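K.L.:
Just one file: start17.txt, with compact mmCIF, C-alpha atoms.
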# COMPACT_ATOMS: atom_id res chain seq x y z
CA MET A 1022 0.00 0.00 0.00
CA GLU A 1023 1.27 3.47 -0.91
CA LEU A 1024 0.91 6.70 1.02
CA LYS A 1025 -1.17 8.13 -1.84
CA GLU A 1026 -3.83 5.49 -1.16
CA ILE A 1027 -4.16 6.38 2.52
CA ILE A 1028 -6.69 9.04 3.44
CA SER A 1029 -7.61 11.20 6.39
CA ILE A 1030 -11.14 12.32 7.10
CA THR A 1031 -11.72 15.60 8.91
CA GLY A 1032 -13.46 14.99 12.22
CA ARG A 1033 -12.37 11.34 12.46
CA PRO A 1034 -9.18 10.29 14.23
CA GLY A 1035 -6.70 8.04 12.48
CA LEU A 1036 -5.98 7.06 8.91
CA PHE A 1037 -8.04 5.01 6.48
CA LYS A 1038 -7.86 3.16 3.19
CA VAL A 1039 -10.62 3.04 0.59
CA VAL A 1040 -12.09 -0.46 0.29
CA ALA A 1041 -15.04 -0.01 -2.09
CA GLN A 1042 -17.01 2.70 -3.82
CA GLY A 1043 -20.78 3.10 -3.81
CA LYS A 1044 -23.11 5.48 -5.64
CA ASN A 1045 -22.76 8.43 -3.28
CA ASN A 1046 -20.11 7.24 -0.83
CA VAL A 1047 -16.94 5.24 -0.39
CA ILE A 1048 -16.40 2.46 2.11
CA VAL A 1049 -13.25 3.09 4.14
CA GLU A 1050 -11.38 0.86 6.57
CA SER A 1051 -9.44 2.12 9.55
CA ILE A 1052 -5.77 1.22 9.43
CA VAL A 1053 -5.70 0.86 13.22
CA ASP A 1054 -8.68 -1.34 14.09
CA LYS A 1055 -9.86 -2.49 10.62
CA LYS A 1056 -13.42 -1.20 11.20
CA ARG A 1057 -15.31 -0.22 8.04
CA PHE A 1058 -17.79 2.58 7.55
CA PRO A 1059 -19.09 4.79 4.73
CA ALA A 1060 -17.58 8.19 3.98
CA TYR A 1061 -19.83 10.56 2.07
CA ALA A 1062 -19.15 13.40 -0.35
CA SER A 1063 -19.87 15.89 2.43
CA ASP A 1064 -16.90 14.55 4.45
CA ARG A 1065 -13.62 16.35 3.90
CA ILE A 1066 -11.33 13.61 2.61
CA SER A 1067 -7.63 14.13 1.80
CA THR A 1068 -5.03 11.65 0.65
CA LEU A 1069 -1.66 11.85 2.39
CA GLY A 1070 -0.09 12.55 -0.99
CA ASP A 1071 -2.14 15.76 -1.35
CA ILE A 1072 -1.33 17.24 2.06
CA SER A 1073 1.43 19.81 2.43
CA ILE A 1074 2.98 21.49 5.44
CA TYR A 1075 3.60 25.22 5.51
CA THR A 1076 7.26 26.23 5.58
CA THR A 1077 8.99 29.59 5.35
CA ASP A 1078 10.19 28.63 1.85
CA GLU A 1079 8.28 26.29 -0.43
CA ASP A 1080 5.61 24.10 1.18
CA ALA A 1081 6.77 20.57 2.01
CA LYS A 1082 4.76 17.51 1.00
CA LEU A 1083 3.67 15.39 3.94
CA THR A 1084 5.05 12.27 2.24
CA ASP A 1085 8.52 13.88 2.19
CA VAL A 1086 8.22 14.91 5.84
CA LEU A 1087 7.18 11.38 6.81
CA ALA A 1088 10.21 10.03 4.90
CA SER A 1089 12.40 12.43 6.90
CA PHE A 1090 10.76 11.13 10.09
CA TYR A 1091 11.58 7.59 8.94
CA ASP A 1092 15.25 8.53 8.45
CA HIS A 1093 15.47 10.44 11.74
CA PHE A 1094 13.88 7.70 13.85
CA GLU A 1095 15.57 4.90 11.83
CA GLY A 1096 12.28 3.26 10.87
CA LYS A 1097 11.07 3.02 14.45
CA ALA A 1098 8.16 4.73 16.18
CA CYS A 1099 8.55 8.36 17.23
CA PRO A 1100 7.39 9.87 20.53
CA SER A 1101 3.64 9.82 21.11
CA HIS A 1102 1.51 12.69 19.89
CA LYS A 1103 0.43 13.12 23.52
CA GLU A 1104 3.95 14.19 24.50
CA GLU A 1105 4.54 17.76 25.69
CA LEU A 1106 4.06 20.21 22.83
CA ILE A 1107 7.50 21.77 23.34
CA VAL A 1108 9.14 18.37 22.84
CA LEU A 1109 7.18 17.74 19.61
CA GLU A 1110 7.97 21.22 18.28
CA GLY A 1111 11.68 20.65 18.98
CA LEU A 1112 11.65 17.31 17.17
CA LEU A 1113 9.81 18.72 14.16
CA GLU A 1114 12.27 21.62 14.06
CA LYS A 1115 15.16 19.12 13.85
CA ILE A 1116 13.45 17.20 11.05
CA LEU A 1117 11.91 20.15 9.18
CA PRO A 1118 13.82 23.24 10.37
CA ASN A 1119 11.97 25.73 8.19
CA TYR A 1120 8.38 24.80 9.07
CA ASP A 1121 6.19 27.86 9.63
CA LYS A 1122 5.47 27.97 13.35
CA GLU A 1123 2.68 30.52 12.92
CA ARG A 1124 0.67 28.74 10.22
CA VAL A 1125 1.10 25.12 11.34
CA TYR A 1126 -1.44 24.62 14.11
CA LYS A 1127 -0.51 22.70 17.25
CA SER A 1128 -3.20 20.11 16.52
CA ASP A 1129 -1.71 19.54 13.05
CA LEU A 1130 1.73 19.14 14.59
CA ARG A 1131 0.32 16.40 16.82
CA LYS A 1132 -1.37 14.75 13.81
CA ILE A 1133 1.96 14.39 12.02
CA PHE A 1134 3.43 12.46 14.94
CA GLN A 1135 0.26 10.39 15.38
CA TRP A 1136 0.01 9.52 11.68
CA TYR A 1137 3.68 8.54 11.49
CA ASN A 1138 3.23 6.13 14.41
CA ILE A 1139 0.04 4.68 12.87
CA LEU A 1140 1.88 4.02 9.59
CA ILE A 1141 4.84 2.40 11.37
CA LYS A 1142 2.58 0.15 13.49
CA ALA A 1143 0.61 -0.87 10.39
CA GLY A 1144 3.86 -1.85 8.64
CA ILE A 1145 3.35 0.53 5.73
CA LYS A 1146 6.62 1.34 3.99
CA ILE A 1147 7.07 5.08 4.19
CA LYS A 1148 10.47 5.58 2.61
CA GLU A 1149 9.87 3.61 -0.60
CA THR A 1150 6.48 5.16 -1.29
CA ALA A 1151 7.82 8.68 -0.74
CA GLU A 1152 10.64 8.03 -3.22
CA LYS A 1153 8.16 6.63 -5.77
CA ALA A 1154 5.97 9.71 -5.30
CA LYS A 1155 8.94 12.03 -5.95
CA ALA A 1156 9.84 10.12 -9.12
CA SER A 1157 6.26 10.18 -10.43
CA ASP A 1158 5.93 13.90 -9.59
CA SER A 1159 9.06 14.75 -11.58
CA GLU A 1160 7.90 12.59 -14.51
CA GLU A 1161 4.47 14.24 -14.35
CA LYS A 1162 6.04 17.74 -14.50
CA VAL A 1163 8.07 16.77 -17.59
CA VAL A 1164 4.95 15.38 -19.31
CA LYS A 1165 2.91 18.48 -18.40
CA LYS A 1166 5.60 20.76 -19.84
CA ALA A 1167 5.70 18.74 -23.07
CA VAL A 1168 1.90 18.78 -23.37
CA LYS A 1169 1.77 22.51 -22.62
CA LYS A 1170 4.25 23.28 -25.40
CA ALA A 1171 2.49 21.03 -27.92
CA ALA A 1172 -1.11 22.04 -27.14
CA PRO A 1173 -2.57 24.98 -29.07
CA LYS A 1174 -3.92 27.85 -26.99
CA LYS A 1175 -7.68 27.91 -26.58
CA SER A 1176 -9.73 30.94 -25.75
CA ALA A 1177 -11.80 30.88 -22.58
CA PRO A 1178 -15.48 29.96 -23.07
CA LYS A 1179 -17.80 32.96 -23.06
CA THR A 1180 -20.86 33.32 -20.86
CA LYS A 1181 -24.01 35.29 -21.62
CA GLY A 1182 -22.42 38.55 -20.44
CA GLY A 1183 -19.47 38.09 -22.82
CA LYS A 1184 -16.98 37.59 -19.99
CA PRO A 1185 -14.94 34.41 -19.72
CA SER A 1186 -16.23 31.93 -17.19
CA SER A 1187 -13.92 30.83 -14.43
CA ALA A 1188 -14.14 27.50 -12.68
CA LYS A 1189 -12.68 26.99 -9.24
CA LYS A 1190 -10.03 24.33 -9.12
CA ALA A 1191 -9.38 22.36 -5.95
CA GLY A 1192 -5.75 22.47 -4.91
CA PRO A 1193 -3.74 20.41 -2.45
CA THR A 1194 -4.67 20.53 1.19
CA LYS A 1195 -2.33 22.37 3.53
CA MET A 1196 -1.82 21.48 7.16
CA GLY A 1197 -3.50 24.23 9.13
CA SER A 1198 -5.69 25.55 6.32
CA GLN A 1199 -8.74 23.45 7.05
CA ARG A 1200 -10.13 25.81 9.69
CA GLY A 1201 -12.25 28.84 9.00
CA LYS A 1202 -10.71 32.16 9.96
What is this structure when it is put down as structure tokens?

P.N.:
Amino acid sequence: MELKEIISITGRPGLFKVVAQGKNNVIVESIVDKKRFPAYASDRISTLGDISIYTTDEDAKLTDVLASFYDHFEGKACPSHKEELIVLEGLLEKILPNYDKERVYKSDLRKIFQWYNILIKAGIKIKETAEKAKASDSEEKVVKKAVKKAAPKKSAPKTKGGKPSSAKKAGPTKMGSQRGK
């Protein structure tokens, strides 16, 4: 199983994998206790491959951060997410020194440690899947550039008022951005 296939659901603790798909829902299974339940379109679902962590430079993909955790803790479990917050902040600062302390919420910081331990206990290979994700991302960028150069430019579709229509595009989820301000 790859990290891209593992999901988190806002409001539900833990990590899940998709087992089956219905008409208006997906059946997910908890990685921890193997319980299954439906997740609906109204649930906020994110794959671990789509989540990023705010940094002072370019945002870091969660899969890369988890791979760094794997290297730092030598493939073993890290301290519990229930540890003192100062200890967790210090550890994350060693692993990801440029993480944005203002935009990464404390609860998200705890989630990173909790999710890493869940993945280790479940025996999911973090390092290999993170390296595969990097390779596929770089290949995808090369293909997108080639397609962009080869594709002719199209004009934006017009609406009744004569103005181009704009569709909102969903981007990757950021740690800390899921709360209303």

K.L.:
Which protein, DNA or RNA residues are at most 12 Å from (5.4, 22.9, 3.3) in the file's coordinates when you count only C-alpha atoms, listed as JSON, numbers by chain?

P.N.:
{"A": [1071, 1072, 1073, 1074, 1075, 1076, 1077, 1078, 1079, 1080, 1081, 1082, 1083, 1084, 1085, 1086, 1117, 1118, 1119, 1120, 1121, 1122, 1124, 1125, 1193, 1194, 1195, 1196, 1197, 1198]}

K.L.:
What does the distance from CA of Tyr1061 in chain A to CA of Lys1038 in chain A come to in Å, to one decimal?

P.N.:
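Distance between the two atoms: 14.1 Å.
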
K.L.:
Give me, as a Markdown table, the closest atom pair and its distance (Å, one decimal) for every residue of range 1090-1149 of chain A within a cut-off of 10 Å of range 1046-1055 of chain A, counting all atoms listed in the file, rows sorted by chain and rising number.

P.N.:
| residue | atom | partner | partner_atom | distance |
| --- | --- | --- | --- | --- |
| A:Ile1139 | CA | A:Val1053 | CA | 6.9 |
| A:Leu1140 | CA | A:Ile1052 | CA | 8.1 |
| A:Lys1142 | CA | A:Val1053 | CA | 8.3 |
| A:Ala1143 | CA | A:Ile1052 | CA | 6.8 |
| A:Ile1145 | CA | A:Ile1052 | CA | 9.9 |

K.L.:
Kindly give the distance, in Å, that separates CA of Leu1069 in chain A and CA of Thr1031 in chain A, rounded to a single decimal.

P.N.:
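Computing it gives 12.6 Å between the two atoms.
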
K.L.:
So which one's closest to Met1022 in chain A, A:Lys1146, A:Lys1115, A:Lys1103, A:Arg1057? Using all atoms listed in the file, please.

P.N.:
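Once distances to Met1022 in chain A are computed over all atoms listed in the file, the minimum belongs to A:Lys1146.
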
K.L.:
Between CA of Ile1116 in chain A and CA of Phe1037 in chain A, what distance in Å does the model show, to one decimal?

P.N.:
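Separating CA of Ile1116 in chain A from CA of Phe1037 in chain A is a distance of 25.1 Å.
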
K.L.:
Measuring atom to atom with all atoms listed in the file, identify which of A:Glu1026, A:Asn1045, A:Lys1148, A:Leu1130 is nearest to Ile1107 in chain A.

P.N.:
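Using all atoms listed in the file, Ile1107 in chain A sits closest to A:Leu1130.
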
K.L.:
Return the single residue from A:Ser1089, A:Gln1135, A:Ser1101, A:Gln1042 that is closest to Ile1147 in chain A, with distances computed using only C-alpha atoms.

P.N.:
A:Ser1089

K.L.:
Out of A:Val1039, A:Ala1062, A:Asn1138, A:Thr1068, which residue has the shortest atom-to-atom distance to Gly1096 in chain A when counting all atoms listed in the file?

P.N.:
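Checking each of A:Val1039, A:Ala1062, A:Asn1138, A:Thr1068 against Gly1096 in chain A, counting all atoms listed in the file, the winner is A:Asn1138.
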